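A.B. asks: Okay, handing you the structure first.
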Amino acid sequence: MLKRFLSYYKPHKLIFTLDMLASLLVALVAIVYPIVTRTMLNDLIPNRNYRMIVVFGVGLLILYVVRMLLNYFIQYYGHVMGVRMQAQMRRDMFEHLEKLPYKFYDNNETGKIMSRMTNDLMDISELAHHGPENILISSVSVITSFIYLFIINKWLTLIIFICVPFLLMIAMLLRKRMRNAFMESRKSIAQINASLEGSISGIRVTKAFNNSKKEEEKFDEGNEAFVKSRKAAYKAMGQFHSSTSFITDVFNVVVLIAGGLFLYGGSITFGDYSAFIVSVSLFISPVMTLINFMEQYQNGVTGFSRFVEIMDAEPEKDAEGAVDIGVAEGHIELCDVSYSYDSEKEVLNHVSLNIEKGKTYALVGSSGGGKTTICHLIPHFYDLDSGKILIDGKDIATLTRESVRRNIGIVQQDIYLFNASIRDNILYGRLDATEEEIIEAAKRANIHDYIMTLENGYDTQIGERGVRLSGGQKQRLSIARVFLKNPPILILDEATSALDNTTEILIQQALDELCKGRTTIVVAHRLSTIKNADEIAVVLGGKIVEQGTHDELIAKGGEYAKLYELQFRANSMEY
């Protein structure tokens, strides 16, 4: 994991090198003050060398100006380096997320993923910047101050140094506890983000059902878990800091007593003793910095481990030697296909279908029967448990996913529109389309006339998930997107089931136009919309129980006839 972390420094070698050089100079400047103090007390002041006192003072001031500039460089450019590394990690994570299969998003909440991309990467950025600086500055300061202390009085230095192992021992004992506590804290933050994302996304449903109290209860549950985990983290942190602070206080007591005895016994001069006291703070401070750095280190390492966890998630991969199908004709076959989202429940059980080029094939049946799963398997969103799916006689497992999906257009009941302009949402169907092609697609989807009534026309912003549009307008916009894509295969997954009758007629006209000349798979809730399909399959319990035309299935008097009769009766009662 360390090697992967260090790899993000490679593009920033120059800034990193200069940052480390500046940090080294800052550490070396720090040791000058006790040297000057000792020289003044032992030589310049007793010998009344006022000229050199002024020279040493001015020289020290100049060094401090240089250190100020170096600290500015470290703070500014060091943070810039950290932000750039964070941006690269965020880019890598986003690119990897784009490649992950549907199954990953089935099992991971959006809010938790966003937490890893924001909070965790911020901690990694801070570690990337401050980590090397703290280690270098503190290490150099500890070594130089120790050498200088040893030069002043080796026995007093050794007495001080004896306390260091106790400090390190306590730090190591409490380190693991603090790391575990912060990991739990990270998980609780991710849970809050996930809950918040869900509540905000569903705010209209919450208001419609007057369930704001329920959402508050759900949020409070996550919030309490966060407080509990943070309390545990702060308890571990408090134990860590209080224990290490106590040891550093012991340092001062030891210096005071031992130094006083050495001064009383004449084995150290007053000037050396004063310089020693000043230099001890230079020794203790970087030791404390290194110890306190463990908190930042734990945050950064925890964040990076969660980053790596996503980066190690297996992306979608084409089979070795997979080929581009080119422009498909549209003949689809499902050959003995079985699939389950998990090992416990099989969704499709040995399903076989033959959908000829340019034909309309309808899938009907009760919810949960497997209709939508079939629609997800044809574009290769999931890998089959067994069996094969063929397009133009070619197994999709041997084709590149990109080429398969390029040939398929999907219109779903749950339309997703981006928080962008109408033009951008239609253009998503084919990014290199011209303005004329966009307008033509909108006209064919029966949405152009409405767009032209808007003040900003095609530049109108539609809000998050198209909130400023009606259900029918959103559906027609998604149809325009597919018109622009112009695929040979079309999947309509209950595209009109959530619409009123008047809007459904308008949408159905656009869909009829869209289906011309394409192989079309229709998942239908209202059976009246698929009466003219070339073939209808009834899917129940993951199996095809009936197949045929509308008239054939009605005459058969089986499951389809029962469904049709129930709907006909329900529709009659509405009137």
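Ordering of the structure tokens sets the chain letters (A, B, ...); residue numbers start at 1 within each chain; ligands are numbered from 1 in the order shown.
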Need the shell around range 235-243 of chain A: protein/DNA/RNA residues with any atom at most 12 Å away, counting only C-alpha atoms. Skip same-chain ones fewer than 2 positions apart. Format as an MDAnalysis selection string?
C.D. replies: chainID A and resid 166:182 185 227:233 245:250 288:289 291:296 298:299
A.B. asks: Which residues, written as a ChimeraX atom specification, have at least one atom at most 9 Å from Arg84 in chain A, with only C-alpha atoms counted and residues fewer than 4 positions away on the same chain left out?
C.D. replies: /A:12,79-80,88-89,125
A.B. asks: Can you tell me how far CA of Val545 in chain A sits from CA of Val523 in chain A, in Å to one decimal?
C.D. replies: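 For CA of Val545 in chain A relative to CA of Val523 in chain A, the distance reads 15.6 Å.
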A.B. asks: For range 442-459 of chain A, list every protein, DNA or RNA residue within 6 Å, evaluated using only C-alpha atoms, and leave out those in the same chain fewer than 2 positions away; present the list as a ChimeraX atom specification.
C.D. replies: /A:421-423,439-440,476,479-480,510
A.B. asks: Got time to write the residues from that selection, N, CA, C and O atoms, as a PDB file, in the first residue's frame?
C.D. replies:
```
ATOM      1  N   SER A 421     -28.680  21.550 -19.276  1.00  0.00           N
ATOM      2  CA  SER A 421     -29.667  22.095 -20.209  1.00  0.00           C
ATOM      3  C   SER A 421     -30.375  20.967 -20.954  1.00  0.00           C
ATOM      4  O   SER A 421     -29.929  19.821 -20.958  1.00  0.00           O
ATOM      5  N   ILE A 422     -31.499  21.319 -21.583  1.00  0.00           N
ATOM      6  CA  ILE A 422     -32.226  20.354 -22.413  1.00  0.00           C
ATOM      7  C   ILE A 422     -31.317  19.838 -23.524  1.00  0.00           C
ATOM      8  O   ILE A 422     -31.287  18.637 -23.814  1.00  0.00           O
ATOM      9  N   ARG A 423     -30.568  20.755 -24.136  1.00  0.00           N
ATOM     10  CA  ARG A 423     -29.658  20.363 -25.214  1.00  0.00           C
ATOM     11  C   ARG A 423     -28.646  19.322 -24.724  1.00  0.00           C
ATOM     12  O   ARG A 423     -28.427  18.301 -25.382  1.00  0.00           O
ATOM     13  N   ILE A 439     -32.242  18.862 -32.851  1.00  0.00           N
ATOM     14  CA  ILE A 439     -33.593  19.368 -33.083  1.00  0.00           C
ATOM     15  C   ILE A 439     -34.460  18.308 -33.761  1.00  0.00           C
ATOM     16  O   ILE A 439     -35.633  18.117 -33.398  1.00  0.00           O
ATOM     17  N   GLU A 440     -33.905  17.596 -34.726  1.00  0.00           N
ATOM     18  CA  GLU A 440     -34.643  16.539 -35.411  1.00  0.00           C
ATOM     19  C   GLU A 440     -35.055  15.438 -34.433  1.00  0.00           C
ATOM     20  O   GLU A 440     -36.192  14.938 -34.489  1.00  0.00           O
ATOM     21  N   ARG A 476     -40.287  12.079 -22.842  1.00  0.00           N
ATOM     22  CA  ARG A 476     -40.052  12.434 -24.243  1.00  0.00           C
ATOM     23  C   ARG A 476     -38.615  12.915 -24.461  1.00  0.00           C
ATOM     24  O   ARG A 476     -38.029  12.679 -25.519  1.00  0.00           O
ATOM     25  N   ILE A 479     -36.595   9.874 -24.759  1.00  0.00           N
ATOM     26  CA  ILE A 479     -36.833   9.267 -26.077  1.00  0.00           C
ATOM     27  C   ILE A 479     -36.038  10.009 -27.150  1.00  0.00           C
ATOM     28  O   ILE A 479     -35.454   9.394 -28.047  1.00  0.00           O
ATOM     29  N   ALA A 480     -35.984  11.343 -27.046  1.00  0.00           N
ATOM     30  CA  ALA A 480     -35.187  12.137 -27.996  1.00  0.00           C
ATOM     31  C   ALA A 480     -33.722  11.737 -27.915  1.00  0.00           C
ATOM     32  O   ALA A 480     -33.016  11.682 -28.936  1.00  0.00           O
ATOM     33  N   ALA A 510     -44.557   8.645 -30.000  1.00  0.00           N
ATOM     34  CA  ALA A 510     -43.109   8.819 -30.140  1.00  0.00           C
ATOM     35  C   ALA A 510     -42.394   7.473 -30.111  1.00  0.00           C
ATOM     36  O   ALA A 510     -41.452   7.237 -30.874  1.00  0.00           O
TER      37      ALA A 510
END
```
A.B. asks: Within 10 Å of Ile530 in chain A, counting only C-alpha atoms, which residues show up once you throw out same-chain ones fewer than 4 positions away? Write them as a PyMOL selection string, please.
C.D. replies: chain A and resi 360-364+522-526+534-536+549-550
A.B. asks: Let's have the selection written as a short mmCIF file (atom, residue, chain, number, x, y, z; two decimals), in the first residue's frame, with N, CA, C and O atoms.
C.D. replies:
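Dumped to selection-v6.cif:
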```cif
data_model
loop_
_atom_site.label_atom_id
_atom_site.label_comp_id
_atom_site.auth_asym_id
_atom_site.auth_seq_id
_atom_site.Cartn_x
_atom_site.Cartn_y
_atom_site.Cartn_z
N THR A 360 -40.78 -6.77 -32.80
CA THR A 360 -41.09 -6.25 -31.46
C THR A 360 -41.48 -7.43 -30.57
O THR A 360 -42.40 -8.19 -30.89
N TYR A 361 -40.76 -7.57 -29.48
CA TYR A 361 -40.94 -8.70 -28.57
C TYR A 361 -41.33 -8.14 -27.20
O TYR A 361 -40.61 -7.30 -26.63
N ALA A 362 -42.46 -8.55 -26.68
CA ALA A 362 -42.95 -8.02 -25.41
C ALA A 362 -42.77 -9.03 -24.28
O ALA A 362 -42.97 -10.24 -24.47
N LEU A 363 -42.41 -8.52 -23.11
CA LEU A 363 -42.29 -9.33 -21.90
C LEU A 363 -43.33 -8.85 -20.90
O LEU A 363 -43.38 -7.66 -20.57
N VAL A 364 -44.20 -9.75 -20.45
CA VAL A 364 -45.23 -9.39 -19.49
C VAL A 364 -45.18 -10.38 -18.32
O VAL A 364 -44.57 -11.44 -18.41
N VAL A 522 -39.97 -4.96 -25.30
CA VAL A 522 -40.86 -4.10 -24.50
C VAL A 522 -41.26 -4.84 -23.23
O VAL A 522 -41.79 -5.95 -23.28
N VAL A 523 -40.96 -4.22 -22.09
CA VAL A 523 -41.51 -4.70 -20.82
C VAL A 523 -42.74 -3.86 -20.55
O VAL A 523 -42.65 -2.63 -20.43
N ALA A 524 -43.91 -4.49 -20.52
CA ALA A 524 -45.16 -3.74 -20.46
C ALA A 524 -45.97 -4.07 -19.23
O ALA A 524 -46.08 -5.24 -18.83
N HIS A 525 -46.52 -3.03 -18.62
CA HIS A 525 -47.46 -3.21 -17.52
C HIS A 525 -48.89 -3.18 -18.07
O HIS A 525 -49.72 -4.01 -17.71
N ARG A 526 -49.14 -2.23 -18.98
CA ARG A 526 -50.46 -2.14 -19.62
C ARG A 526 -50.43 -3.00 -20.89
O ARG A 526 -49.76 -2.67 -21.86
N ASP A 534 -45.01 -8.47 -32.23
CA ASP A 534 -44.83 -9.67 -33.06
C ASP A 534 -44.83 -10.94 -32.21
O ASP A 534 -45.25 -12.01 -32.66
N GLU A 535 -44.33 -10.82 -30.97
CA GLU A 535 -44.27 -11.97 -30.08
C GLU A 535 -44.41 -11.46 -28.65
O GLU A 535 -43.89 -10.40 -28.29
N ILE A 536 -45.12 -12.23 -27.83
CA ILE A 536 -45.29 -11.88 -26.42
C ILE A 536 -44.87 -13.08 -25.58
O ILE A 536 -45.25 -14.22 -25.87
N THR A 549 -48.42 -14.71 -30.14
CA THR A 549 -49.01 -13.40 -30.41
C THR A 549 -50.15 -13.14 -29.43
O THR A 549 -50.56 -14.05 -28.70
N HIS A 550 -50.64 -11.93 -29.42
CA HIS A 550 -51.75 -11.57 -28.53
C HIS A 550 -52.95 -12.49 -28.77
O HIS A 550 -53.51 -13.06 -27.81
#
```
A.B. asks: Hey, which of A:Thr244, A:Gln475, A:Ser115, A:Thr519 ends up closest to Lys359 in chain A? Count only C-alpha atoms.
C.D. replies: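 Answer, going by the shortest atom-to-atom distance: A:Thr519.
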